[in-house]
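One structure is given here, and the rest of the page talks about it.
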Amino acid sequence: MFRYLFADCYPRWVDIAEKNIEEILIDHAFCEQKAASSCISLIVHYPQLEKLVEVLTPVVTEEWGHFRMVLKEMKKRNIALTQKRKDDYVLQLLTLERKNGTPNQRLMDKLLINALIEARSCERFRLLSLHIADENLKSFYHELMISEANHYVNFIELAKEYSPKQEVEKRFEEMLEAEASILQNLEIRKDRVH
Ligand SMILES: [Fe+2]
Ligand SMILES: [Fe+2]
């Protein structure tokens, strides 16, 4: 479905993440918040795009549902949300949008950046669902992995709805390359989903 990157780093990340599950849950809650608000922002910017509004409106509800699910897991463990924090991974991905591009290219970039974030979240949740010791969190992350994989497909299909398929595929390849170097330059953070 999407390219797996730095496979050798991932077992290390799960190991680190499991020891810091409180921090991971807090970061995860923020990720779900951002996912919902990013969909809302697309709907607000492109109300004339019927398909986009139709596809993303239920995704907002799902992402907000995920946020509530993470909050519930946090409450069980007496963990509270902290102050909002900077997400270096997402901030750097956002710079990939072609600011001087045509309106269509900019829409394509926005959709593909969202697809990338969904793909990475899915990948991390898959690892947690496979390797984490806590049985409840295992099934929790399994369920979320499936949902984020569907969102990845939603964003790719929307990009293809508004731009030629070959252009979308070429641009996504370029973005995967750019993301690879972003990830390479980001340290593996014990407290972050990405
Ligand atoms: Fe989500
Ligand atoms: Fe998602």
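To be explicit about the labels: the chains of the structure tokens are called A, B, and onward in the order shown, and within each one the residues are counted from 1, while ligands get numbers from 1 in the order they are shown.
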**Request:** Could you give me, as a PyMOL selection string, the residues within 9 Å of range 70-75 of chain A, counting only C-alpha atoms and dropping anything in the same chain fewer than 5 positions from it?
**Result:** chain A and resi 22+25-26+28-29+32+65+80-81+137
**Message:** Can you pull out every residue from chain A that DSSP, working from the backbone, puts in helix (DSSP H, G or I), and format the result as a ChimeraX atom specification?
**Reply:** /A:10-19,21-45,50-76,88-94,103-131,135-162,165-185
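When only C-alpha atoms and all ligand atoms are used to compute distances to ligand 2, the closest of the residues A:His142, A:Arg98, A:Lys34, A:Lys160 turns out to be A:Lys34.
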**Request:** Please extract the residues at most 8 Å from ligand 1, counting only C-alpha atoms and all ligand atoms, and provide them as a list in words, using the chain letters and residue numbers of this document.
**Result:** Cys31, Glu32, Ala35, Ala36, Glu62, Glu63, Trp64, Gly65, His66, Phe67, Glu118, Leu144, Ser147 and Glu148 of chain A
**Asked** When you draw a straight line from CA of Arg171 in chain A to CA of Arg85 in chain A, how long is it in Å?
**Response**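 Going from CA of Arg171 in chain A over to CA of Arg85 in chain A, I get 29.4 Å.
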**Item:** Cys122 in chain A environment, 7 Å, only C-alpha atoms, sequence neighbours closer than 2 positions dropped, as a list in words
**Value:**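 What passes the distance filter is Glu118, Ala119, Arg120, Arg124, Phe125, Arg126, Met145, Glu148 and Ala149 of chain A.
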Using N, CA and C atoms, can you export the residues from the last selection as a PDB file, in the first residue's frame?
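Saved as again_4.pdb:
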ATOM      1  N   GLU A 118      -1.563  10.007   7.215  1.00  0.00           N
ATOM      2  CA  GLU A 118      -2.415   8.858   7.526  1.00  0.00           C
ATOM      3  C   GLU A 118      -1.629   7.546   7.389  1.00  0.00           C
ATOM      4  N   ALA A 119      -0.820   7.460   6.321  1.00  0.00           N
ATOM      5  CA  ALA A 119      -0.049   6.237   6.087  1.00  0.00           C
ATOM      6  C   ALA A 119       0.940   5.992   7.219  1.00  0.00           C
ATOM      7  N   ARG A 120       1.613   7.034   7.624  1.00  0.00           N
ATOM      8  CA  ARG A 120       2.583   6.869   8.731  1.00  0.00           C
ATOM      9  C   ARG A 120       1.891   6.528  10.037  1.00  0.00           C
ATOM     10  N   ARG A 124       2.580   3.186  12.255  1.00  0.00           N
ATOM     11  CA  ARG A 124       2.957   3.178  13.679  1.00  0.00           C
ATOM     12  C   ARG A 124       1.932   2.412  14.523  1.00  0.00           C
ATOM     13  N   PHE A 125       0.635   2.592  14.203  1.00  0.00           N
ATOM     14  CA  PHE A 125      -0.403   1.902  14.978  1.00  0.00           C
ATOM     15  C   PHE A 125      -0.307   0.391  14.754  1.00  0.00           C
ATOM     16  N   ARG A 126       0.062   0.020  13.530  1.00  0.00           N
ATOM     17  CA  ARG A 126       0.234  -1.407  13.230  1.00  0.00           C
ATOM     18  C   ARG A 126       1.335  -1.986  14.119  1.00  0.00           C
ATOM     19  N   MET A 145      -5.602   1.328  13.299  1.00  0.00           N
ATOM     20  CA  MET A 145      -4.776   1.076  12.117  1.00  0.00           C
ATOM     21  C   MET A 145      -5.667   0.919  10.869  1.00  0.00           C
ATOM     22  N   GLU A 148      -7.200   4.335   9.867  1.00  0.00           N
ATOM     23  CA  GLU A 148      -6.251   5.272   9.237  1.00  0.00           C
ATOM     24  C   GLU A 148      -5.859   4.779   7.836  1.00  0.00           C
ATOM     25  N   ALA A 149      -5.823   3.476   7.641  1.00  0.00           N
ATOM     26  CA  ALA A 149      -5.530   2.946   6.296  1.00  0.00           C
ATOM     27  C   ALA A 149      -6.634   3.369   5.324  1.00  0.00           C
TER      28      ALA A 149
END
**Item:** Selection: 8 Å around Leu176 in chain A, only C-alpha atoms, excl. self and same-chain fewer than 4 positions, as number ranges by chain
**Value:** A: 116, 172, 180
Write the selection just made, keeping all heavy atoms, as a CSV table (one decimal), in the first residue's frame?
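And here's result-v6.csv as it stands now:
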chain,number,residue,atom,x,y,z
A,116,LEU,N,0.0,11.0,3.3
A,116,LEU,CA,1.2,10.6,3.9
A,116,LEU,C,1.1,10.5,5.5
A,116,LEU,O,1.6,9.5,6.1
A,116,LEU,CB,2.3,11.6,3.7
A,116,LEU,CG,3.2,11.5,2.4
A,116,LEU,CD1,4.2,12.6,2.4
A,116,LEU,CD2,4.0,10.2,2.5
A,172,PHE,N,3.2,11.9,-5.7
A,172,PHE,CA,3.3,11.1,-4.4
A,172,PHE,C,4.7,10.5,-4.2
A,172,PHE,O,5.2,10.4,-3.1
A,172,PHE,CB,2.2,10.1,-4.3
A,172,PHE,CG,1.9,9.6,-2.9
A,172,PHE,CD1,1.6,10.5,-1.9
A,172,PHE,CD2,2.1,8.2,-2.6
A,172,PHE,CE1,1.4,10.0,-0.6
A,172,PHE,CE2,1.9,7.8,-1.3
A,172,PHE,CZ,1.5,8.7,-0.3
A,180,ALA,N,11.1,10.9,3.2
A,180,ALA,CA,12.2,10.0,3.7
A,180,ALA,C,13.3,10.8,4.3
A,180,ALA,O,13.9,10.5,5.3
A,180,ALA,CB,12.7,9.1,2.6
**Asked** Of the candidates A:Pro164, A:Pro58, A:Glu177, A:Leu128, which one gets nearest to ligand 2 if we count only C-alpha atoms and all ligand atoms?
**Response**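 The answer is A:Pro58, which sits nearest to ligand 2.
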**Message:** With distances taken over only C-alpha atoms, which residue among A:Leu130, A:Val153, A:Ala17, A:Leu158 lies nearest Leu107 in chain A?
**Reply:**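 The shortest atom-to-atom distance to Leu107 in chain A comes from A:Leu158.
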